[in-house]
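Here the structure comes first, spelled out in structure tokens, and everything after it is commentary.
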Amino acid sequence: MEIELTDSIEVSQTYSKSFLLGLYERMVTCRQFEDRVKLLFLEGTMPGTIHQSQGQEASAVGVCAALNQDDFITSTHRPHAHAIAKGLTTEEMMLELFGKSAGCSKGKGGSMHIGDMSKGMVPAIAIVGGGMPLAAGMALSFKLRQRSQVVACFFGEGATNEGAFHEAVNLAAIWSLPVIFVCENNLYGASTAYSKTTRVPRLSQRAEAYGIRGETVDGNNVVKVYEATRQAAEECRRGEGPVLLELLTYRRVGHSRRDPAHYQDKDEQAFWFGRDPIDLLANGLVSSGDVSEAELRDIDARVAQTIEDAVTVAREAPLPTEADLTTDVFAMELNR
Amino acid sequence: MEIELTDSIEVSQTYSKSFLLGLYERMVTCRQFEDRVKLLFLEGTMPGTIHQSQGQEASAVGVCAALNQDDFITSTHRPHAHAIAKGLTTEEMMLELFGKSAGCSKGKGGSMHIGDMSKGMVPAIAIVGGGMPLAAGMALSFKLRQRSQVVACFFGEGATNEGAFHEAVNLAAIWSLPVIFVCENNLYGASTAYSKTTRVPRLSQRAEAYGIRGETVDGNNVVKVYEATRQAAEECRRGEGPVLLELLTYRRVGHSRRDPAHYQDKDEQAFWFGRDPIDLLANGLVSSGDVSEAELRDIDARVAQTIEDAVTVAREAPLPTEADLTTDVFAMELNR
Amino acid sequence: MKHQSIVEALREGIAEEMERDPDVFCIGEDIGVPGGFGGAFTVTLDLEKRFPDRILDTPISELGFIGAAVGAAMMGMRPIADVQYSDFLFLAMDQIANNAAKLRYMSGGTIKVPLVLRAPVGATGRGSQHAQNMERFFIGVPGLKIVAPSNAYDAKGLLKAAVRDDDPVLIFEHKLLYGSKGARAESGTTNASSDVPDEDYVVPLGTASVRREGSDVTVLAWLLMLHESLAAASLVEPGISAEVIDVRSLAPFDWQTIGASIEKTGRVIIVEEGPKTGGVGAELAAGIMERFPDKLIAPVTRVASADIPVPFSPVLENLYRPDRQRIAAAIRDITS
Amino acid sequence: MKHQSIVEALREGIAEEMERDPDVFCIGEDIGVPGGFGGAFTVTLDLEKRFPDRILDTPISELGFIGAAVGAAMMGMRPIADVQYSDFLFLAMDQIANNAAKLRYMSGGTIKVPLVLRAPVGATGRGSQHAQNMERFFIGVPGLKIVAPSNAYDAKGLLKAAVRDDDPVLIFEHKLLYGSKGARAESGTTNASSDVPDEDYVVPLGTASVRREGSDVTVLAWLLMLHESLAAASLVEPGISAEVIDVRSLAPFDWQTIGASIEKTGRVIIVEEGPKTGGVGAELAAGIMERFPDKLIAPVTRVASADIPVPFSPVLENLYRPDRQRIAAAIRDITS
Ligand SMILES: Cc1ncc(C[n+]2csc(CCOP(=O)(O)OP(=O)(O)O)c2C)c(N)n1
Ligand SMILES: Cc1ncc(C[n+]2csc(CCOP(=O)(O)OP(=O)(O)O)c2C)c(N)n1
Ligand SMILES: [Mg+2]
Ligand SMILES: [Mg+2]
């Protein structure tokens with residue numbers, strides 16, 4: 001299965017300018033959010049650890065653009081872009097990352113568990129593969145209740161070697177559940193190269209082991225990702241799910257925190273760094289003639305302002321107190 | 001992948017009469033052992049629960065005939081035939097099933113954990129799929145020590161939906177470990193039909209998801225099983241493992257204890273009951289002209305005697321005592 | 001009013017809850033196969049005839065289907081997940097402890113996980129891997145509620161309370177108390193049947209129950225050990241007056257009922273099936289010492305199993321499992 | 001003699017054992033990738049250069065690779081398995097508790113499982129799923145030995161003892177005590193470095209160590225809490241003389257050393273990171289009451305975390321984790 005990885009995106013007339021600029025804006029929001037967080041982290045202001053996804057914005061944004069508001073996503077230890085793409089505000093996220101009470105999870109979740117059920121995002125599950133059975137079960141609930149919602153379940157290629165992947169995909173398959181299993185293949189699981197962890201050249205081939213449709217897509221081409229997801233979502237809503245999408249992409253940053261990613265191959269880096277998903281779309285937009293450089297820079301600036309505002313709000317917001325420590329454990333307390 | 005399921009075995013001149021009669025004798029030993037145990041269980045003499053494999057003898061015997069003495073097998077909750085095929089005596093097994101001190105595991109293991117390391121059989125693992133990572137690790141030890149041993153890892157088709165299957169096969173694959181993954185597909189996992197548990201028509205297809213060779217074989221044809229295993233073992237010894245063998249077979253008895261197996265399809269039963277693995281070989285031997293009915297009956301009688309002797313020994317052997325309760329927990333006791 | 005076994009009461013309770021609330025469904029292995037078992041101990045037998053779409057037979061994949069149950073619960077469904085033997089929970093512990101128990105906290109209190117998980121415990125002639133008392137592995141996981149019914153009335157009432165509770169509830173049931181009939185009947189059982197009202201009722205989670213009043217010593221037990229403790233209390237009559245409490249709720253403990261009894265007796269014996277070290281009894285003992293130090297006139301003692309894997313041989317299994325004689329001896333000891 | 005961090009001492013210990021015995025090998029995720037991390041906390045950094053064939057990087061599949069380690073151990077190898085965060089052990093618990101711990105007993109004492117499993121514990125700003133103190137989940141599994149080193153000398157000595165022991169040994173290490181450097185350094189660490197001899201030595205499994213002599217109260221702690229307890233002991237000086245014991249061996253406990261101290265002081269405080277309910281401290285408290293009732297002049301008390309999932313926000317995490325002030329308060333309480 002040869003996948004075409006092009007250097008540019010042909011922007012077709014199928015899509016409105018505002019739709020495409022929306023994709024651009026969300027990708028830029030992801031990128032700027034991550035870059036800002038990295039800075040905050042390095043300056044020592046931000047607690048905890050972070051897993052960032054600079055370079056992978058097209059998969060988050062392309063997938064979520066194809067979902068409805070009431071569709072759901074599950075996410076991973078690397079969830080910031082997914083969250084932004086699904087509609088979380090950078091403010092509720094930044095508050096959470098600072099551990100503040102007004103964060104999307106009251107500061108109890110943190111970076112690795114970012115989520116907001118009201119926006120259709122389950123708190124990210126940081127156990128590799130751990131969100132996949134959840135996604136199958138969420139989709140099962142949609143089926144049992146005869147809803148037409150779908151779940152897009154994000155995971156890295158490293159997760160495909162976990163038993164949870166196997167069991168969840170198989171369950172979804174036998175019950176034809178509306179799950180889009182979205183494998184973001186960024187070629188590494190932490191420091192370990194994909195090629196060391198399986199003999200299968202394309203992960204979408206694993207779909208055959210479950211009798212479902214699998215497809216590999218250029219994960220840095222946001223339009224291709226959007227189209228593949230839209231098709232998969234339609235199949236799912238028709239009862240023809242699940243679908244396994246493999247999105248080929250690359251992380252431009254370390255696995256976490258200060259990781260310099262010395263294990264990444266230099267040529268590979270050069271290749272992928274030359275295919276930045278935001279640049280690809282920006283170039284496509286500008287060459288199409290419909291969008292000017294200036295319009296893009298305006299968006300960049302607007303996004304930067306939003307994020308700065310979020311940082312300011314988050315820095316100043318109050319911390320949780322001792323009274324918050326033991327709340328939110330149970331929905332129905334039994335005091336004995 | 002259409003598999004030919006024939007009504008007879010063509011006995012070729014490739015194999016000596018004594019080799020073929022050996023296969024016959026071991027299959028008959030399995031059958032008679034199981035039948036006798038069933039009786040003991042129903043009469044209330046035998047404790048615990050039992051999982052029997054009448055009808056599946058060709059897979060146990062065919063696989064183990066292709067192994068060397070110092071090769072290993074792992075087994076499951078349904079281990080009696082595997083044990084006999086790998087060389088355990090019916091006496092050490094019967095003693096174990098009666099919970100006697102002289103049993104192969106001093107009465108501490110029981111039916112579901114039958115094994116004897118000196119004969120190359122790990123105590124059976126009764127957690128479905130639980131023996132598979134062990135098998136990968138045993139094979140890893142052979143590779144690290146540059147031995148030419150192989151492991152044949154038995155499991156049912158039901159186990160292939162467990163995460164343990166996925167993780168173990170993948171590990172064995174990336175390290176090219178000498179494991180023959182032997183899937184005994186008897187069409188049911190407990191009461192649940194195979195077709196309800198996966199969309200894949202042939203389980204050997206799952207081999208592709210790991211980039212290894214898979215093959216489906218008539219599991220009631222002991223010669224075919226032997227040949228497929230011998231080839232797989234050779235590949236493994238050459239460093240070309242692992243291999244996934246799917247052996248199509250059928251259980252002529254309930255899943256456990258008194259289960260009447262009402263969930264088995266009647267036509268399916270008729271088809272498979274007409275292809276009894278022992279009959280298939282017996283008929284092949286007799287029609288080849290080299291073996292007389294009388295010779296087979298002699299073997300049957302000799303086996304019956306051995307098993308009766310085992311029962312007698314086992315009934316009369318001493319039980320463990322309180323002194324045995326807490327021994328064998330640690331190899332190196334730390335008394336604090 | 002009718003007299004029912006635990007199995008009958010559970011079955012009726014499940015059916016009534018399914019009638020009452022379309023969001024309730026059952027999920028597990030071999031729970032609803034026509035001609036099959038109705039779960040390993042017949043609890044759900046024939047329910048698939050009444051609720052064809054809500055009794056979901058799964059492949060053998062505990063991590064997957066229990067995770068799926070968590071996912072469905074998160075979306076507002078009320079799954080009753082069935083694991084054939086509680087020993088298999090080790091395979092699903094990640095989904096239970098890392099997801100089900102934590103999702104509410106991690107989400108800042110926005111998620112409810114109304115999951116019910118039923119799991120049979122106890123040594124019953126099946127060897128080490130189908131015999132464990134798994135309660136101990138869950139009481140140290142904040143976010144879970146745990147109950148363990150010792151009679152039919154409680155079984156139904158606790159099940160209903162669990163289904164209607166908005167938090168994950170684990171129900172540990174005992175194989176020897178079920179009263180399963182037919183091919184799946186156990187030997188060596190204890191009668192735990194009781195009168196069960198015709199009207200709807202619940203037994204509140206979090207409550208213990210005094211089963212026998214006494215003044216000299218408090219015996220704390222649950223499941224099978226409750227019955228042995230009651231028998232032991234009779235054995236020491238009339239010399240010693242033992243109060244026997246069915247702990248019944250293992251998370252949280254009902255400290256009020258327990259404390260009131262200790263106030264009377266000043267002496268406590270905790271009886272537990274399972275190795276003494278690291279059991280539920282440890283927390284009871286420590287908690288009692290912390291909460292009621294001034295009421296104790298003797299150190300709390302534990303009667304439990306040896307620190308060994310569960311042995312197969314019935315003679316050893318009986319030595320492993322505490323019985324009325326050993327409990328009676330401990331009662332005599334502490335009161336002498 | 002040299003002064004080393006725990007990470008350095010462990011790394012040297014592993015290397016020395018690998019030099020000494022060709023059967024020793026390391027297995028885990030990201031443990032030996034050139035340019036990578038040397039495990040999540042750099043313990044095995046660069047060891048792949050010295051032992052290219054015996055540092056095995058695995059796919060992300062804890063059930064698989066830990067099961068494989070058990071299988072290799074069964075065949076006489078001495079694997080050192082590394083799990084990046086102990087929280088992931090939930091995924092492998094079946095292989096640890098059902099196989100590693102039981103294989104010897106189930107085989108009637110014919111199998112040895114010389115497995116070493118290293119697992120980092122503790123809350124460190126990562127939220128609920130990378131923070132748990134998993135010790136509690138294993139002390140109730142007969143067949144396992146468990147240690148938890150709080151300084152570099154012990155880390156190396158216990159590691160060596162573990163590698164040379166013929167039984168499965170779990171080593172729990174603390175993220176904040178490692179002294180990891182570079183990109184994988186932690187913030188908020190405690191210095192646990194110590195002098196480490198140049199000669200070969202072991203610290204025997206099963207032994208506790210008195211770290212500070214005192215006569216008024218015995219404080220039992222391990223890992224990070226040992227350090228906080230020592231600090232607390234200084235805080236209450238000179239008014240109160242606290243003896244601080246590094247429990248160090250969690251299975252089995254060193255009752256001799258603990259008992260000798262209680263003989264002197266008559267008062268015990270157990271300090272544990274992790275929810276109070278169902279912790280290791282429960283077994284210590286119960287065991288002390290059973291063994292030394294006459295020596296106690298006050299009820300045993302526990303200082304532990306709240307019964308909640310680990311919160312992300314540093315302010316909450318600090319409230320969750322016991323510290324020197326809370327311990328000092330408990331010391332003052334029990335001696336007043
Ligand atoms: C069960 C489990 N094992 C290991 C880890 C540690 N870990 C966190 S992220 C990661 C790599 C994940 O790789 P992949 O699935 O490809 O996702 P990516 O990080 O590339 O987005 C690892 C090993 C974990 N969080 N959970
Ligand atoms: C992990 C686990 N889940 C469930 C069971 C209960 N169980 C025992 S045998 C069995 C069916 C196994 O089916 P298969 O793998 O096809 O083997 P077969 O019994 O057909 O030989 C089940 C569900 C178990 N022992 N272990
Ligand atoms: Mg990846
Ligand atoms: Mg089967």
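Here's how to read the names in the structure tokens: chain A, B, ... by the order shown, residue numbers from 1 in each chain, ligand numbers from 1 in the order shown.
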
Exercise answer, chain A residues close to chain C, 7 Å and only C-alpha atoms, as a list in words: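 Residues of chain A within 7 Å of chain C, counting only C-alpha atoms: Ser105, Lys106, Lys108, Gly109, His113, Pro123, Pro133, Leu134, Ala135, Ala136, Gly137, Met138, Leu140, Ser141, Ala164, Glu167, Ala168, Asp328, Val329, Phe330, Ala331, Met332, Leu334 and Arg336 of chain A.
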
Would you write out those residues with N, CA, C and O atoms, as a compact mmCIF listing (two decimals), in the first residue's frame?
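What landed in again.txt:
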```txt
# COMPACT_ATOMS: atom_id res chain seq x y z
N SER A 105 -11.22 20.42 34.29
CA SER A 105 -11.45 19.35 35.26
C SER A 105 -11.10 19.81 36.67
O SER A 105 -10.65 19.01 37.50
N LYS A 106 -11.28 21.09 36.94
CA LYS A 106 -11.03 21.67 38.26
C LYS A 106 -9.58 21.49 38.72
O LYS A 106 -9.31 21.42 39.93
N LYS A 108 -7.98 18.84 38.66
CA LYS A 108 -7.76 17.49 39.17
C LYS A 108 -7.23 16.54 38.10
O LYS A 108 -6.68 15.48 38.40
N GLY A 109 -7.43 16.91 36.84
CA GLY A 109 -7.02 16.02 35.75
C GLY A 109 -5.61 16.32 35.27
O GLY A 109 -4.74 15.48 35.28
N HIS A 113 -4.97 14.38 31.17
CA HIS A 113 -6.37 13.96 31.27
C HIS A 113 -7.33 15.07 30.85
O HIS A 113 -8.48 15.10 31.29
N PRO A 123 -12.22 12.77 29.21
CA PRO A 123 -10.88 13.06 29.73
C PRO A 123 -9.87 12.12 29.08
O PRO A 123 -10.11 10.91 28.99
N PRO A 133 -11.02 0.59 24.68
CA PRO A 133 -12.23 -0.11 25.11
C PRO A 133 -13.34 0.88 25.51
O PRO A 133 -14.52 0.61 25.26
N LEU A 134 -12.97 2.01 26.10
CA LEU A 134 -13.98 3.01 26.43
C LEU A 134 -14.73 3.45 25.17
O LEU A 134 -15.96 3.56 25.18
N ALA A 135 -13.97 3.71 24.12
CA ALA A 135 -14.59 4.18 22.88
C ALA A 135 -15.56 3.13 22.34
O ALA A 135 -16.67 3.46 21.90
N ALA A 136 -15.16 1.87 22.41
CA ALA A 136 -16.06 0.81 21.95
C ALA A 136 -17.35 0.84 22.77
O ALA A 136 -18.45 0.70 22.24
N GLY A 137 -17.21 1.02 24.06
CA GLY A 137 -18.39 1.03 24.93
C GLY A 137 -19.27 2.25 24.71
O GLY A 137 -20.50 2.15 24.76
N MET A 138 -18.66 3.38 24.44
CA MET A 138 -19.45 4.58 24.14
C MET A 138 -20.25 4.34 22.87
O MET A 138 -21.45 4.65 22.79
N LEU A 140 -21.11 1.51 21.70
CA LEU A 140 -22.15 0.53 22.02
C LEU A 140 -23.38 1.22 22.58
O LEU A 140 -24.52 0.88 22.24
N SER A 141 -23.15 2.21 23.42
CA SER A 141 -24.30 2.93 23.98
C SER A 141 -25.08 3.65 22.87
O SER A 141 -26.30 3.68 22.89
N ALA A 164 -5.26 -3.98 24.55
CA ALA A 164 -6.48 -3.15 24.55
C ALA A 164 -6.91 -2.80 23.13
O ALA A 164 -8.10 -2.77 22.82
N GLU A 167 -8.52 -6.06 21.59
CA GLU A 167 -9.81 -6.41 22.16
C GLU A 167 -10.88 -5.38 21.80
O GLU A 167 -12.03 -5.73 21.49
N ALA A 168 -10.49 -4.12 21.82
CA ALA A 168 -11.47 -3.07 21.54
C ALA A 168 -11.89 -3.09 20.07
O ALA A 168 -13.07 -2.98 19.74
N ASP A 328 -15.65 15.01 44.46
CA ASP A 328 -15.62 14.47 43.09
C ASP A 328 -15.07 13.05 43.00
O ASP A 328 -14.68 12.61 41.91
N VAL A 329 -15.03 12.34 44.10
CA VAL A 329 -14.64 10.93 44.03
C VAL A 329 -15.86 10.09 43.69
O VAL A 329 -15.82 9.23 42.82
N PHE A 330 -16.96 10.37 44.36
CA PHE A 330 -18.20 9.63 44.12
C PHE A 330 -19.31 10.57 43.66
O PHE A 330 -19.35 11.74 44.06
N ALA A 331 -20.21 10.04 42.86
CA ALA A 331 -21.39 10.80 42.48
C ALA A 331 -22.44 10.72 43.58
O ALA A 331 -23.23 11.63 43.78
N MET A 332 -22.47 9.59 44.27
CA MET A 332 -23.39 9.40 45.39
C MET A 332 -22.57 8.97 46.60
O MET A 332 -22.11 7.82 46.66
N LEU A 334 -21.54 7.71 50.18
CA LEU A 334 -22.07 6.87 51.26
C LEU A 334 -21.22 7.18 52.48
O LEU A 334 -20.07 6.78 52.55
N ARG A 336 -20.14 6.57 55.91
CA ARG A 336 -20.25 5.54 56.96
C ARG A 336 -19.12 5.72 57.94
O ARG A 336 -17.99 5.84 57.58
```

Which of stretch 30-126 of chain A fall in strand (DSSP E or B), as an NGL selection string: :A and (72-74 or 116 or 121)

Given 8 Å and only C-alpha atoms and all ligand atoms, residues near ligand 3 as a PyMOL selection string: chain A and resi 156-159+184-190+194

Once you have the residues from the selection above, write them out as a tab-separated table (two decimals), in the first residue's frame, restricted to N, CA, C and O atoms.
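Below is the file that was written, again18.tsv:
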```tsv
chain	number	residue	atom	x	y	z
A	156	GLY	N	-1.88	6.40	19.32
A	156	GLY	CA	-0.66	6.38	18.54
A	156	GLY	C	-0.38	5.00	17.97
A	156	GLY	O	-1.00	4.01	18.37
A	157	GLU	N	0.55	4.94	17.02
A	157	GLU	CA	0.87	3.63	16.44
A	157	GLU	C	1.42	2.69	17.51
A	157	GLU	O	1.24	1.47	17.43
A	158	GLY	N	2.05	3.26	18.53
A	158	GLY	CA	2.58	2.41	19.60
A	158	GLY	C	1.49	1.64	20.33
A	158	GLY	O	1.71	0.53	20.81
A	159	ALA	N	0.31	2.25	20.40
A	159	ALA	CA	-0.80	1.62	21.11
A	159	ALA	C	-1.31	0.37	20.40
A	159	ALA	O	-1.99	-0.47	21.02
A	184	GLU	N	-2.74	7.68	14.93
A	184	GLU	CA	-1.79	8.70	14.51
A	184	GLU	C	-0.41	8.07	14.50
A	184	GLU	O	0.23	7.92	15.53
A	185	ASN	N	0.02	7.68	13.31
A	185	ASN	CA	1.32	7.03	13.21
A	185	ASN	C	2.40	8.08	13.00
A	185	ASN	O	2.67	8.51	11.89
A	186	ASN	N	3.02	8.47	14.11
A	186	ASN	CA	4.10	9.47	14.04
A	186	ASN	C	5.46	8.78	14.07
A	186	ASN	O	6.47	9.40	14.38
A	187	LEU	N	5.46	7.51	13.77
A	187	LEU	CA	6.67	6.70	13.58
A	187	LEU	C	7.42	6.36	14.86
A	187	LEU	O	8.35	5.54	14.83
A	188	TYR	N	7.06	6.95	15.97
A	188	TYR	CA	7.72	6.61	17.23
A	188	TYR	C	6.71	6.47	18.36
A	188	TYR	O	5.75	7.23	18.43
A	189	GLY	N	6.95	5.50	19.19
A	189	GLY	CA	6.26	5.41	20.47
A	189	GLY	C	7.32	5.75	21.51
A	189	GLY	O	8.28	5.00	21.67
A	190	ALA	N	7.19	6.91	22.13
A	190	ALA	CA	8.27	7.45	22.94
A	190	ALA	C	9.54	7.43	22.07
A	190	ALA	O	9.53	8.03	20.99
A	194	TYR	N	8.73	2.77	15.19
A	194	TYR	CA	7.64	1.89	14.76
A	194	TYR	C	8.16	0.58	14.19
A	194	TYR	O	7.66	-0.51	14.51
```

Proximity to chain B - best of A:Ile299, A:Ile174, A:Ile73, A:Ile180, only C-alpha atoms: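 Looking only at the distances to chain B, the closest residue turns out to be A:Ile174.
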
Backbone-only DSSP, alpha helix (DSSP H) members of stretch 171-208 of chain B, as a VMD selection string: chain B and resid 171 to 174

Interatomic distance (Å, one decimal) between atom CA of B:Arg302 and atom CA of B:Glu92: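 We find that atom CA of B:Arg302 and atom CA of B:Glu92 lie 17.7 Å from each other.
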
Distance filter 9 Å, only C-alpha atoms, chain A against chain B, as a list in words: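 The selection requested is Asn161, Glu162, Gly163, Ala164, Phe165, His166, Glu167, Asn170, Leu171, Ala173, Ile174, Lys196, Thr197, Thr198, Arg199, Val200, Pro201, Leu203, Gln205, Arg206, Ala207, Glu208, Ala209, Tyr210, Gly211 and Ile212 of chain A.
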
Might you pull out every residue within 6 Å of D:Ile327, with only C-alpha atoms counted and same-chain residues fewer than 3 positions away left off, and present them as a compact mmCIF listing (two decimals) with all heavy atoms, in the first residue's frame?
```txt
# COMPACT_ATOMS: atom_id res chain seq x y z
N ALA D 232 10.71 14.35 60.00
CA ALA D 232 9.73 14.56 61.06
C ALA D 232 10.35 14.25 62.42
O ALA D 232 10.12 14.96 63.41
CB ALA D 232 8.50 13.70 60.82
N ARG D 324 6.40 15.78 56.24
CA ARG D 324 7.04 15.76 57.57
C ARG D 324 6.17 16.42 58.64
O ARG D 324 6.16 15.97 59.77
CB ARG D 324 8.42 16.41 57.49
CG ARG D 324 8.42 17.83 56.93
CD ARG D 324 9.82 18.24 56.53
NE ARG D 324 10.25 17.48 55.35
CZ ARG D 324 11.49 17.53 54.84
NH1 ARG D 324 12.43 18.25 55.44
NH2 ARG D 324 11.79 16.85 53.77
N ALA D 330 1.56 13.56 64.01
CA ALA D 330 1.14 12.22 64.47
C ALA D 330 2.07 11.71 65.56
O ALA D 330 1.63 11.05 66.52
CB ALA D 330 1.12 11.25 63.29
```

If you count only C-alpha atoms, which residues fall within 9 Å of B:Trp272, apart from same-chain ones fewer than 3 positions away, as a compact mmCIF listing (two decimals) with all heavy atoms, in the first residue's frame?
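Done, and the output landed in selection07.txt:
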```txt
# COMPACT_ATOMS: atom_id res chain seq x y z
N GLY B 55 -12.28 -35.95 20.59
CA GLY B 55 -12.51 -35.42 19.25
C GLY B 55 -11.36 -34.55 18.77
O GLY B 55 -11.24 -34.27 17.58
N THR B 249 -10.99 -28.42 14.21
CA THR B 249 -11.38 -29.65 14.91
C THR B 249 -12.70 -29.44 15.61
O THR B 249 -13.39 -28.43 15.35
CB THR B 249 -10.24 -30.07 15.87
OG1 THR B 249 -10.59 -31.31 16.49
CG2 THR B 249 -9.98 -29.03 16.94
N TYR B 250 -13.06 -30.35 16.46
CA TYR B 250 -14.38 -30.28 17.09
C TYR B 250 -14.35 -31.07 18.38
O TYR B 250 -13.71 -32.11 18.47
CB TYR B 250 -15.44 -30.89 16.14
CG TYR B 250 -16.84 -30.39 16.38
CD1 TYR B 250 -17.18 -29.08 16.06
CD2 TYR B 250 -17.83 -31.22 16.90
CE1 TYR B 250 -18.47 -28.60 16.26
CE2 TYR B 250 -19.13 -30.75 17.10
CZ TYR B 250 -19.44 -29.44 16.78
OH TYR B 250 -20.70 -28.98 16.98
N ARG B 251 -15.06 -30.54 19.36
CA ARG B 251 -15.13 -31.24 20.63
C ARG B 251 -16.39 -32.10 20.63
O ARG B 251 -17.48 -31.63 20.33
CB ARG B 251 -15.05 -30.14 21.68
CG ARG B 251 -15.81 -29.94 22.74
CD ARG B 251 -15.31 -29.09 23.87
NE ARG B 251 -15.76 -27.69 23.86
CZ ARG B 251 -17.01 -27.31 23.94
NH1 ARG B 251 -17.99 -28.17 24.01
NH2 ARG B 251 -17.31 -26.03 23.94
N ARG B 252 -16.22 -33.41 20.92
CA ARG B 252 -17.35 -34.34 20.94
C ARG B 252 -18.05 -34.34 22.28
O ARG B 252 -18.98 -35.14 22.48
CB ARG B 252 -16.84 -35.77 20.68
CG ARG B 252 -16.10 -35.93 19.39
CD ARG B 252 -15.52 -37.35 19.28
NE ARG B 252 -16.56 -38.34 19.06
CZ ARG B 252 -17.02 -38.70 17.87
NH1 ARG B 252 -16.51 -38.16 16.79
NH2 ARG B 252 -17.96 -39.61 17.77
N ASP B 267 -26.40 -30.22 12.66
CA ASP B 267 -25.76 -30.63 11.40
C ASP B 267 -24.24 -30.62 11.53
O ASP B 267 -23.53 -31.49 11.02
CB ASP B 267 -26.15 -29.68 10.26
CG ASP B 267 -27.62 -29.82 9.92
OD1 ASP B 267 -28.22 -30.83 10.35
OD2 ASP B 267 -28.16 -28.92 9.25
N GLU B 268 -23.80 -29.60 12.21
CA GLU B 268 -22.37 -29.46 12.45
C GLU B 268 -21.86 -30.66 13.25
O GLU B 268 -20.84 -31.25 12.92
CB GLU B 268 -22.21 -28.16 13.24
CG GLU B 268 -20.83 -27.66 13.50
CD GLU B 268 -20.93 -26.49 14.49
OE1 GLU B 268 -21.05 -26.73 15.71
OE2 GLU B 268 -20.91 -25.34 14.02
N GLN B 269 -22.61 -31.01 14.28
CA GLN B 269 -22.24 -32.20 15.07
C GLN B 269 -22.15 -33.43 14.17
O GLN B 269 -21.18 -34.17 14.20
CB GLN B 269 -23.27 -32.46 16.17
CG GLN B 269 -23.13 -31.58 17.39
CD GLN B 269 -24.10 -31.98 18.49
OE1 GLN B 269 -25.13 -32.60 18.23
NE2 GLN B 269 -23.79 -31.60 19.72
N ARG B 275 -16.27 -37.47 11.42
CA ARG B 275 -14.85 -37.33 11.08
C ARG B 275 -13.99 -37.50 12.32
O ARG B 275 -13.03 -36.77 12.54
CB ARG B 275 -14.55 -35.95 10.47
CG ARG B 275 -15.45 -35.49 9.36
CD ARG B 275 -14.93 -34.21 8.72
NE ARG B 275 -13.63 -34.42 8.12
CZ ARG B 275 -12.48 -34.01 8.61
NH1 ARG B 275 -12.44 -33.32 9.72
NH2 ARG B 275 -11.35 -34.26 7.99
N ASP B 276 -14.31 -38.47 13.09
CA ASP B 276 -13.53 -38.69 14.32
C ASP B 276 -12.06 -38.92 13.98
O ASP B 276 -11.74 -39.75 13.11
CB ASP B 276 -14.09 -39.89 15.07
CG ASP B 276 -13.41 -40.06 16.41
OD1 ASP B 276 -12.33 -40.73 16.47
OD2 ASP B 276 -13.91 -39.50 17.39
```
